[in-house]
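Here is run_5.cif, consisting of mmCIF, C-alpha atoms (C1' of nucleotides):
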```cif
data_final
loop_
_atom_site.group_PDB
_atom_site.id
_atom_site.type_symbol
_atom_site.label_atom_id
_atom_site.label_comp_id
_atom_site.auth_asym_id
_atom_site.auth_seq_id
_atom_site.Cartn_x
_atom_site.Cartn_y
_atom_site.Cartn_z
ATOM 1 C CA MET A 1 -15.366 -3.755 -26.658
ATOM 2 C CA SER A 2 -13.848 -4.171 -23.273
ATOM 3 C CA LYS A 3 -16.659 -3.226 -20.946
ATOM 4 C CA ARG A 4 -16.474 -4.254 -17.303
ATOM 5 C CA PRO A 5 -13.169 -2.746 -16.297
ATOM 6 C CA ASP A 6 -11.723 -4.115 -13.125
ATOM 7 C CA ILE A 7 -11.397 -1.177 -10.808
ATOM 8 C CA THR A 8 -10.529 -1.319 -7.161
ATOM 9 C CA LEU A 9 -10.414 1.885 -5.205
ATOM 10 C CA SER A 10 -9.656 2.775 -1.626
ATOM 11 C CA GLU A 11 -12.281 4.313 0.593
ATOM 12 C CA LEU A 12 -10.786 7.746 0.095
ATOM 13 C CA GLN A 13 -10.548 7.356 -3.630
ATOM 14 C CA ILE A 14 -14.189 6.336 -3.700
ATOM 15 C CA ALA A 15 -15.068 9.451 -1.743
ATOM 16 C CA LEU A 16 -13.334 11.510 -4.415
ATOM 17 C CA MET A 17 -15.156 9.667 -7.145
ATOM 18 C CA ARG A 18 -18.500 10.122 -5.460
ATOM 19 C CA VAL A 19 -18.091 13.852 -5.830
ATOM 20 C CA LEU A 20 -17.394 13.469 -9.527
ATOM 21 C CA TRP A 21 -20.236 11.032 -10.024
ATOM 22 C CA ARG A 22 -22.638 13.371 -8.335
ATOM 23 C CA ARG A 23 -21.510 16.630 -9.880
ATOM 24 C CA GLY A 24 -20.045 15.587 -13.188
ATOM 25 C CA GLU A 25 -17.039 17.604 -14.303
ATOM 26 C CA THR A 26 -15.695 19.398 -11.276
ATOM 27 C CA SER A 27 -12.718 21.634 -10.597
ATOM 28 C CA THR A 28 -10.004 20.565 -8.200
ATOM 29 C CA ALA A 29 -11.009 23.406 -5.920
ATOM 30 C CA ASP A 30 -14.616 22.269 -5.740
ATOM 31 C CA VAL A 31 -13.696 18.676 -5.060
ATOM 32 C CA ALA A 32 -11.252 19.877 -2.440
ATOM 33 C CA ALA A 33 -13.871 22.075 -0.844
ATOM 34 C CA GLU A 34 -16.144 19.115 -0.192
ATOM 35 C CA LEU A 35 -13.468 16.736 0.953
ATOM 36 C CA ALA A 36 -11.488 19.220 2.979
ATOM 37 C CA GLN A 37 -14.725 19.954 4.739
ATOM 38 C CA ASP A 38 -15.589 16.395 5.691
ATOM 39 C CA ARG A 39 -12.142 15.056 6.275
ATOM 40 C CA GLY A 40 -9.819 17.887 7.040
ATOM 41 C CA LEU A 41 -7.632 17.268 4.041
ATOM 42 C CA LYS A 42 -5.542 19.994 2.484
ATOM 43 C CA HIS A 43 -6.313 20.940 -1.062
ATOM 44 C CA THR A 44 -2.856 19.889 -2.205
ATOM 45 C CA THR A 45 -3.692 16.452 -0.954
ATOM 46 C CA ILE A 46 -6.825 16.343 -3.062
ATOM 47 C CA ALA A 47 -4.890 17.596 -6.052
ATOM 48 C CA THR A 48 -2.364 14.821 -5.610
ATOM 49 C CA LEU A 49 -5.082 12.213 -5.345
ATOM 50 C CA LEU A 50 -6.796 13.452 -8.470
ATOM 51 C CA THR A 51 -3.545 13.487 -10.409
ATOM 52 C CA ARG A 52 -2.897 9.909 -9.449
ATOM 53 C CA LEU A 53 -6.349 8.809 -10.461
ATOM 54 C CA GLU A 54 -5.821 10.572 -13.746
ATOM 55 C CA LYS A 55 -2.566 8.714 -14.253
ATOM 56 C CA ARG A 56 -4.481 5.496 -13.687
ATOM 57 C CA GLY A 57 -7.125 6.488 -16.194
ATOM 58 C CA VAL A 58 -9.904 6.439 -13.654
ATOM 59 C CA VAL A 59 -10.655 10.093 -14.253
ATOM 60 C CA ALA A 60 -9.844 12.482 -17.074
ATOM 61 C CA GLN A 61 -8.770 16.063 -16.708
ATOM 62 C CA ARG A 62 -9.538 19.055 -18.860
ATOM 63 C CA ARG A 63 -7.643 22.259 -18.497
ATOM 64 C CA ASP A 64 -9.267 25.644 -18.664
ATOM 65 C CA GLY A 65 -6.803 28.422 -18.130
ATOM 66 C CA ARG A 66 -4.762 27.368 -15.157
ATOM 67 C CA GLN A 67 -7.514 25.341 -13.668
ATOM 68 C CA LEU A 68 -8.114 21.633 -14.000
ATOM 69 C CA TYR A 69 -11.496 20.008 -14.249
ATOM 70 C CA TYR A 70 -11.935 16.337 -13.626
ATOM 71 C CA ARG A 71 -14.579 13.898 -14.645
ATOM 72 C CA ALA A 72 -15.029 10.226 -13.896
ATOM 73 C CA MET A 73 -14.017 7.750 -16.557
ATOM 74 C CA VAL A 74 -15.568 4.787 -14.799
ATOM 75 C CA GLU A 75 -19.123 4.458 -13.638
ATOM 76 C CA GLU A 76 -20.099 3.820 -10.087
ATOM 77 C CA ALA A 77 -21.780 0.617 -11.214
ATOM 78 C CA ASP A 78 -18.481 -0.640 -12.620
ATOM 79 C CA VAL A 79 -16.655 -0.007 -9.398
ATOM 80 C CA ARG A 80 -19.408 -1.650 -7.429
ATOM 81 C CA ARG A 81 -19.408 -4.608 -9.707
ATOM 82 C CA SER A 82 -15.729 -5.296 -9.526
ATOM 83 C CA MET A 83 -15.295 -4.548 -5.867
ATOM 84 C CA VAL A 84 -18.270 -6.609 -4.808
ATOM 85 C CA ALA A 85 -17.085 -9.444 -7.015
ATOM 86 C CA ASP A 86 -13.634 -9.263 -5.454
ATOM 87 C CA LEU A 87 -15.073 -9.373 -1.984
ATOM 88 C CA ILE A 88 -17.315 -12.294 -2.747
ATOM 89 C CA GLY A 89 -14.420 -14.092 -4.342
ATOM 90 C CA ALA A 90 -12.070 -13.513 -1.459
ATOM 91 C CA LEU A 91 -14.388 -13.974 1.466
ATOM 92 C CA PHE A 92 -17.458 -15.920 0.378
ATOM 93 C CA ALA A 93 -15.964 -18.548 -1.883
ATOM 94 C CA GLY A 94 -17.428 -16.750 -4.862
ATOM 95 C CA ASP A 95 -20.958 -17.416 -3.699
ATOM 96 C CA ALA A 96 -23.150 -14.335 -3.612
ATOM 97 C CA GLN A 97 -25.842 -16.190 -1.674
ATOM 98 C CA GLU A 98 -23.375 -16.585 1.142
ATOM 99 C CA LEU A 99 -22.969 -12.857 1.233
ATOM 100 C CA VAL A 100 -26.704 -12.345 1.474
ATOM 101 C CA ALA A 101 -26.892 -14.954 4.198
ATOM 102 C CA HIS A 102 -24.154 -13.110 6.017
ATOM 103 C CA LEU A 103 -26.052 -9.832 5.787
ATOM 104 C CA VAL A 104 -29.112 -11.387 7.330
ATOM 105 C CA GLN A 105 -27.224 -13.254 10.035
ATOM 106 C CA GLU A 106 -25.296 -10.187 11.028
ATOM 107 C CA SER A 107 -28.482 -8.175 11.075
ATOM 108 C CA GLU A 108 -27.244 -5.854 8.414
ATOM 109 C CA ILE A 109 -30.557 -6.437 6.797
ATOM 110 C CA ALA A 110 -33.838 -7.905 8.010
ATOM 111 C CA PRO A 111 -35.114 -11.113 6.412
ATOM 112 C CA GLY A 112 -38.286 -9.352 5.365
ATOM 113 C CA ASP A 113 -36.284 -6.761 3.503
ATOM 114 C CA LEU A 114 -35.145 -9.344 1.020
ATOM 115 C CA ALA A 115 -38.660 -9.629 -0.280
ATOM 116 C CA LYS A 116 -38.947 -5.878 -0.245
ATOM 117 C CA VAL A 117 -35.862 -5.448 -2.347
ATOM 118 C CA LYS A 118 -37.107 -8.095 -4.686
ATOM 119 C CA ARG A 119 -40.480 -6.457 -5.135
ATOM 120 C CA ARG A 120 -38.889 -3.109 -5.584
ATOM 121 C CA LEU A 121 -36.652 -4.414 -8.344
ATOM 122 C CA ALA A 122 -39.485 -6.319 -9.942
ATOM 123 C CA ARG A 123 -41.327 -3.042 -10.277
ATOM 124 C CA GLY A 124 -38.271 -1.566 -11.917
ATOM 125 C CA ASP A 125 -38.224 0.920 -9.101
ATOM 126 C CA HIS A 126 -34.640 1.729 -8.485
ATOM 127 C CA ASP A 127 -35.117 4.195 -5.707
ATOM 128 C CA ALA A 128 -35.089 3.303 -2.078
ATOM 129 C CA ASN A 129 -38.452 2.175 -0.881
ATOM 130 C CA MET B 1 -15.071 -6.810 26.192
ATOM 131 C CA SER B 2 -13.908 -5.542 22.856
ATOM 132 C CA LYS B 3 -15.691 -7.847 20.470
ATOM 133 C CA ARG B 4 -15.998 -6.899 16.829
ATOM 134 C CA PRO B 5 -12.435 -6.087 15.929
ATOM 135 C CA ASP B 6 -12.064 -4.086 12.752
ATOM 136 C CA ILE B 7 -9.931 -6.173 10.477
ATOM 137 C CA THR B 8 -9.243 -5.504 6.851
ATOM 138 C CA LEU B 9 -7.123 -7.930 4.937
ATOM 139 C CA SER B 10 -5.876 -8.123 1.385
ATOM 140 C CA GLU B 11 -6.952 -10.935 -0.901
ATOM 141 C CA LEU B 12 -3.671 -12.715 -0.339
ATOM 142 C CA GLN B 13 -3.827 -12.307 3.400
ATOM 143 C CA ILE B 14 -7.317 -13.751 3.368
ATOM 144 C CA ALA B 15 -6.044 -16.714 1.397
ATOM 145 C CA LEU B 16 -3.480 -17.304 4.138
ATOM 146 C CA MET B 17 -6.122 -17.002 6.798
ATOM 147 C CA ARG B 18 -8.420 -19.405 5.031
ATOM 148 C CA VAL B 19 -5.807 -22.084 5.443
ATOM 149 C CA LEU B 20 -5.585 -21.398 9.148
ATOM 150 C CA TRP B 21 -9.348 -21.235 9.560
ATOM 151 C CA ARG B 22 -9.745 -24.541 7.822
ATOM 152 C CA ARG B 23 -6.889 -26.425 9.409
ATOM 153 C CA GLY B 24 -6.451 -24.765 12.751
ATOM 154 C CA GLU B 25 -2.875 -24.488 13.935
ATOM 155 C CA THR B 26 -0.639 -25.055 10.967
ATOM 156 C CA SER B 27 3.093 -24.964 10.379
ATOM 157 C CA THR B 28 4.637 -22.430 8.052
ATOM 158 C CA ALA B 29 5.659 -25.265 5.785
ATOM 159 C CA ASP B 30 2.124 -26.577 5.488
ATOM 160 C CA VAL B 31 0.644 -23.175 4.810
ATOM 161 C CA ALA B 32 3.376 -22.589 2.261
ATOM 162 C CA ALA B 33 2.705 -25.913 0.632
ATOM 163 C CA GLU B 34 -0.905 -24.972 -0.092
ATOM 164 C CA LEU B 35 -0.218 -21.447 -1.203
ATOM 165 C CA ALA B 36 2.932 -22.155 -3.155
ATOM 166 C CA GLN B 37 0.875 -24.718 -5.001
ATOM 167 C CA ASP B 38 -1.970 -22.429 -5.983
ATOM 168 C CA ARG B 39 -0.074 -19.238 -6.498
ATOM 169 C CA GLY B 40 3.521 -20.017 -7.183
ATOM 170 C CA LEU B 41 4.793 -18.225 -4.128
ATOM 171 C CA LYS B 42 8.085 -19.112 -2.493
ATOM 172 C CA HIS B 43 7.967 -20.370 1.061
ATOM 173 C CA THR B 44 10.021 -17.436 2.278
ATOM 174 C CA THR B 45 7.269 -15.226 0.963
ATOM 175 C CA ILE B 46 4.675 -17.080 2.967
ATOM 176 C CA ALA B 47 6.898 -16.933 6.033
ATOM 177 C CA THR B 48 7.191 -13.170 5.650
ATOM 178 C CA LEU B 49 3.452 -12.782 5.278
ATOM 179 C CA LEU B 50 2.780 -14.848 8.365
ATOM 180 C CA THR B 51 5.312 -12.904 10.396
ATOM 181 C CA ARG B 52 3.646 -9.662 9.424
ATOM 182 C CA LEU B 53 0.215 -10.946 10.329
ATOM 183 C CA GLU B 54 1.644 -12.042 13.640
ATOM 184 C CA LYS B 55 3.038 -8.577 14.218
ATOM 185 C CA ARG B 56 -0.433 -7.217 13.584
ATOM 186 C CA GLY B 57 -1.956 -9.659 16.035
ATOM 187 C CA VAL B 58 -4.117 -11.303 13.417
ATOM 188 C CA VAL B 59 -2.467 -14.649 14.011
ATOM 189 C CA ALA B 60 -0.427 -16.070 16.878
ATOM 190 C CA GLN B 61 2.638 -18.212 16.561
ATOM 191 C CA ARG B 62 3.826 -21.060 18.676
ATOM 192 C CA ARG B 63 7.297 -22.417 18.399
ATOM 193 C CA ASP B 64 8.115 -26.087 18.528
ATOM 194 C CA GLY B 65 11.800 -26.748 18.054
ATOM 195 C CA ARG B 66 12.785 -24.582 15.130
ATOM 196 C CA GLN B 67 9.403 -24.707 13.588
ATOM 197 C CA LEU B 68 6.624 -22.162 13.893
ATOM 198 C CA TYR B 69 2.966 -22.970 14.062
ATOM 199 C CA TYR B 70 0.378 -20.338 13.407
ATOM 200 C CA ARG B 71 -3.230 -20.068 14.330
ATOM 201 C CA ALA B 72 -5.837 -17.433 13.545
ATOM 202 C CA MET B 73 -6.614 -14.895 16.235
ATOM 203 C CA VAL B 74 -9.625 -13.500 14.415
ATOM 204 C CA GLU B 75 -12.599 -15.414 13.168
ATOM 205 C CA GLU B 76 -13.662 -15.475 9.596
ATOM 206 C CA ALA B 77 -16.998 -14.000 10.650
ATOM 207 C CA ASP B 78 -15.214 -10.982 12.134
ATOM 208 C CA VAL B 79 -13.308 -10.322 8.953
ATOM 209 C CA ARG B 80 -16.447 -10.732 6.897
ATOM 210 C CA ARG B 81 -18.320 -8.398 9.169
ATOM 211 C CA SER B 82 -15.843 -5.582 9.068
ATOM 212 C CA MET B 83 -14.962 -5.875 5.434
ATOM 213 C CA VAL B 84 -18.550 -6.102 4.288
ATOM 214 C CA ALA B 85 -19.431 -3.165 6.498
ATOM 215 C CA ASP B 86 -16.578 -1.142 5.019
ATOM 216 C CA LEU B 87 -17.685 -1.917 1.514
ATOM 217 C CA ILE B 88 -21.286 -1.022 2.197
ATOM 218 C CA GLY B 89 -20.166 2.174 3.846
ATOM 219 C CA ALA B 90 -17.884 3.198 1.013
ATOM 220 C CA LEU B 91 -19.923 2.136 -1.964
ATOM 221 C CA PHE B 92 -23.564 1.772 -0.959
ATOM 222 C CA ALA B 93 -24.067 4.745 1.316
ATOM 223 C CA GLY B 94 -24.183 2.409 4.270
ATOM 224 C CA ASP B 95 -27.336 0.760 3.035
ATOM 225 C CA ALA B 96 -27.155 -3.016 2.897
ATOM 226 C CA GLN B 97 -30.362 -3.199 0.904
ATOM 227 C CA GLU B 98 -28.613 -1.345 -1.853
ATOM 228 C CA LEU B 99 -25.991 -4.027 -1.923
ATOM 229 C CA VAL B 100 -28.598 -6.743 -2.253
ATOM 230 C CA ALA B 101 -30.295 -4.769 -4.994
ATOM 231 C CA HIS B 102 -26.954 -4.520 -6.735
ATOM 232 C CA LEU B 103 -26.447 -8.263 -6.515
ATOM 233 C CA VAL B 104 -29.764 -8.910 -8.152
ATOM 234 C CA GLN B 105 -29.367 -6.272 -10.827
ATOM 235 C CA GLU B 106 -25.936 -7.476 -11.757
ATOM 236 C CA SER B 107 -27.206 -11.014 -11.862
ATOM 237 C CA GLU B 108 -24.841 -12.113 -9.161
ATOM 238 C CA ILE B 109 -27.856 -13.708 -7.610
ATOM 239 C CA ALA B 110 -31.322 -14.582 -8.927
ATOM 240 C CA PRO B 111 -34.340 -12.866 -7.391
ATOM 241 C CA GLY B 112 -35.753 -16.232 -6.398
ATOM 242 C CA ASP B 113 -32.622 -17.025 -4.469
ATOM 243 C CA LEU B 114 -33.381 -14.305 -1.976
ATOM 244 C CA ALA B 115 -36.342 -16.280 -0.767
ATOM 245 C CA LYS B 116 -34.266 -19.408 -0.788
ATOM 246 C CA VAL B 117 -31.612 -17.845 1.395
ATOM 247 C CA LYS B 118 -34.282 -16.554 3.679
ATOM 248 C CA ARG B 119 -35.928 -19.909 4.081
ATOM 249 C CA ARG B 120 -32.612 -21.574 4.615
ATOM 250 C CA LEU B 121 -31.729 -19.178 7.387
ATOM 251 C CA ALA B 122 -35.170 -19.449 8.933
ATOM 252 C CA ARG B 123 -34.585 -23.152 9.255
ATOM 253 C CA GLY B 124 -31.286 -22.452 10.913
ATOM 254 C CA ASP B 125 -29.695 -24.399 8.115
ATOM 255 C CA HIS B 126 -26.341 -22.850 7.547
ATOM 256 C CA ASP B 127 -25.191 -25.067 4.738
ATOM 257 C CA ALA B 128 -25.688 -24.249 1.118
ATOM 258 C CA ASN B 129 -28.987 -25.499 -0.112
ATOM 259 C "C1'" DT C 1 3.210 48.104 -11.512
ATOM 260 C "C1'" DC C 2 3.827 45.540 -7.253
ATOM 261 C "C1'" DC C 3 1.872 42.660 -3.849
ATOM 262 C "C1'" DT C 4 -1.261 38.958 -2.704
ATOM 263 C "C1'" DT C 5 -3.855 35.138 -3.626
ATOM 264 C "C1'" DT C 6 -4.643 30.930 -6.208
ATOM 265 C "C1'" DC C 7 -3.434 26.944 -8.725
ATOM 266 C "C1'" DT C 8 -0.731 23.392 -10.463
ATOM 267 C "C1'" DA C 9 3.645 20.646 -10.624
ATOM 268 C "C1'" DC C 10 6.966 18.399 -8.309
ATOM 269 C "C1'" DT C 11 9.078 16.422 -4.313
ATOM 270 C "C1'" DA C 12 8.886 13.970 0.066
ATOM 271 C "C1'" DC C 13 8.053 10.553 3.181
ATOM 272 C "C1'" DA C 14 6.194 6.928 6.082
ATOM 273 C "C1'" DA C 15 3.281 2.696 6.159
ATOM 274 C "C1'" DC C 16 1.812 -1.301 4.002
ATOM 275 C "C1'" DT C 17 2.007 -4.940 0.454
ATOM 276 C "C1'" DG C 18 3.848 -8.410 -2.701
ATOM 277 C "C1'" DT C 19 7.804 -10.837 -3.494
ATOM 278 C "C1'" DA C 20 12.004 -12.885 -2.514
ATOM 279 C "C1'" DG C 21 17.129 -13.407 -1.466
ATOM 280 C "C1'" DT C 22 20.693 -14.320 2.006
ATOM 281 C "C1'" DA C 23 22.634 -15.737 6.311
ATOM 282 C "C1'" DC C 24 22.785 -18.682 9.978
ATOM 283 C "C1'" DG C 25 21.650 -22.264 13.169
ATOM 284 C "C1'" DA C 26 19.793 -26.974 13.908
ATOM 285 C "C1'" DC C 27 19.112 -31.693 12.023
ATOM 286 C "C1'" DA C 28 19.735 -35.523 9.557
ATOM 287 C "C1'" DT C 29 22.653 -38.409 6.782
ATOM 288 C "C1'" DT C 30 27.036 -40.674 5.503
ATOM 289 C "C1'" DA D 1 32.687 -35.609 12.111
ATOM 290 C "C1'" DA D 2 31.527 -33.461 7.516
ATOM 291 C "C1'" DT D 3 27.901 -32.007 4.721
ATOM 292 C "C1'" DG D 4 23.710 -31.105 2.827
ATOM 293 C "C1'" DT D 5 18.972 -29.647 4.040
ATOM 294 C "C1'" DC D 6 15.411 -27.162 6.252
ATOM 295 C "C1'" DG D 7 13.480 -23.460 8.674
ATOM 296 C "C1'" DT D 8 13.567 -18.900 10.599
ATOM 297 C "C1'" DA D 9 15.316 -14.135 10.847
ATOM 298 C "C1'" DC D 10 16.620 -10.301 8.579
ATOM 299 C "C1'" DT D 11 17.189 -7.364 4.647
ATOM 300 C "C1'" DA D 12 15.667 -5.506 0.291
ATOM 301 C "C1'" DC D 13 13.080 -3.312 -3.010
ATOM 302 C "C1'" DA D 14 9.405 -1.571 -5.920
ATOM 303 C "C1'" DG D 15 4.533 -0.023 -6.082
ATOM 304 C "C1'" DT D 16 0.510 2.127 -3.791
ATOM 305 C "C1'" DT D 17 -1.620 5.118 -0.511
ATOM 306 C "C1'" DG D 18 -2.322 8.959 2.683
ATOM 307 C "C1'" DT D 19 -0.708 13.332 3.527
ATOM 308 C "C1'" DA D 20 1.366 17.528 2.648
ATOM 309 C "C1'" DG D 21 5.105 21.136 1.716
ATOM 310 C "C1'" DT D 22 7.373 24.128 -1.614
ATOM 311 C "C1'" DA D 23 8.190 26.498 -5.893
ATOM 312 C "C1'" DG D 24 6.697 28.947 -9.554
ATOM 313 C "C1'" DA D 25 3.260 30.822 -12.751
ATOM 314 C "C1'" DA D 26 -0.809 33.395 -13.305
ATOM 315 C "C1'" DA D 27 -4.468 36.367 -12.054
ATOM 316 C "C1'" DG D 28 -6.427 39.844 -9.433
ATOM 317 C "C1'" DG D 29 -6.194 44.142 -6.525
ATOM 318 C "C1'" DA D 30 -4.413 48.418 -4.931
#
```
In structure tokens, how does this file's structure come out?
Amino acid sequence: MSKRPDITLSELQIALMRVLWRRGETSTADVAAELAQDRGLKHTTIATLLTRLEKRGVVAQRRDGRQLYYRAMVEEADVRRSMVADLIGALFAGDAQELVAHLVQESEIAPGDLAKVKRRLARGDHDAN
Amino acid sequence: MSKRPDITLSELQIALMRVLWRRGETSTADVAAELAQDRGLKHTTIATLLTRLEKRGVVAQRRDGRQLYYRAMVEEADVRRSMVADLIGALFAGDAQELVAHLVQESEIAPGDLAKVKRRLARGDHDAN
DNA sequence: TCCTTTCTACTACAACTGTAGTACGACATT
DNA sequence: AATGTCGTACTACAGTTGTAGTAGAAAGGA
């Protein structure tokens, strides 16, 4: 029951995945449309990226006629988990509290927001406050 | 006055840097000794890595006789800043609070620890509590 | 049916990374 | 002085990533 896959993706790969996470199964063309828009990438580039992710098992493809549809095979939470863990391991001696301290010190987050996040989670409210 | 350089390093590169951050100027041999120990890397490998980092300007080298001494040209805080920012941008829609929420949800940190971190920082106490 | 558009498959290629071997010069040791 | 040792410089090579071109099949239009 191997849950918790260890996935590390590049920024661009994550951008691809975000489209799939948001829209579910999506055609190459539709993914390309969004990404080409934002980043000026050619659709062949997107196709290549998707093929590679498929080869890695990160996404799965389904063919319908001559078109390919992709869907994510890993959840966003899994990617977050492993990438955050890697970062904490590499840069914060494995101590998550250090990361939080860093966020506050670097003003990425206000001290008061810690309590806010805590309250929000306590309420089981997963949306932004 | 270009502060805040944007540095992204691989796990291994960070491991190299950690040695330099901890010890200050260090000879290739000494860096290699630590890393070869932990990771079974040959000293030529370490030398190559250091040369590359030097080429990138991340470290500087000083020669003494036939030996090279390296020292970090970026601070750990800078690397943390840019890498954490990249991660938040790529995976948490740029919202640091989301990252903290993630840490709590994934039990990387206990809700009560948020307050602890906060108090610690309020006291200006930068050591672990 | 013939031309055009649309997709996918395959190929390419440079940069960066992990990993190390080899060559060569300087030092130390007999 | 001869030799072994150490350290750096240079070369190598495979895997990943970003980026895209080209070829060829298929589908759609005229």
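For these identical-sequence chains, chain B and chain A, a least-squares overlay on all C-alpha positions gives an RMSD of 0.0 Å.
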Inset, instruction - Dump as a VMD selection string the residues of chain B that approach chain A to within 9 Å, counting all atoms listed in the file. - result: chain B and resid 10 to 12 14 to 15 18 76 to 77 79 to 81 83 to 87 89 to 92 95 to 106 108 to 109 111 to 115 117 to 118 120 to 122 126 128
Counting only C-alpha atoms (C1' of nucleotides), a student should be able to say which residues of chain C come within 12 Å of chain B; what is the right answer, written as a tab-separated table (two decimals) with C-alpha atoms (C1' of nucleotides), in the coordinates of the input?
```
chain	number	residue	atom	x	y	z
C	16	DC	C1'	1.81	-1.30	4.00
C	17	DT	C1'	2.01	-4.94	0.45
C	18	DG	C1'	3.85	-8.41	-2.70
C	19	DT	C1'	7.80	-10.84	-3.49
C	20	DA	C1'	12.00	-12.88	-2.51
C	21	DG	C1'	17.13	-13.41	-1.47
C	22	DT	C1'	20.69	-14.32	2.01
C	25	DG	C1'	21.65	-22.26	13.17
C	26	DA	C1'	19.79	-26.97	13.91
C	27	DC	C1'	19.11	-31.69	12.02
```
Inset, instruction - Please return, as a PyMOL selection string, all residues of chain D lying within 12 Å of chain B when only C-alpha atoms (C1' of nucleotides) are considered. - result: chain D and resi 6-11
Inset, instruction - Have a look at CA of Leu35 (chain A) and CA of Leu16 (chain A) and let me know their distance in Å, one decimal. - result: 7.5 Å
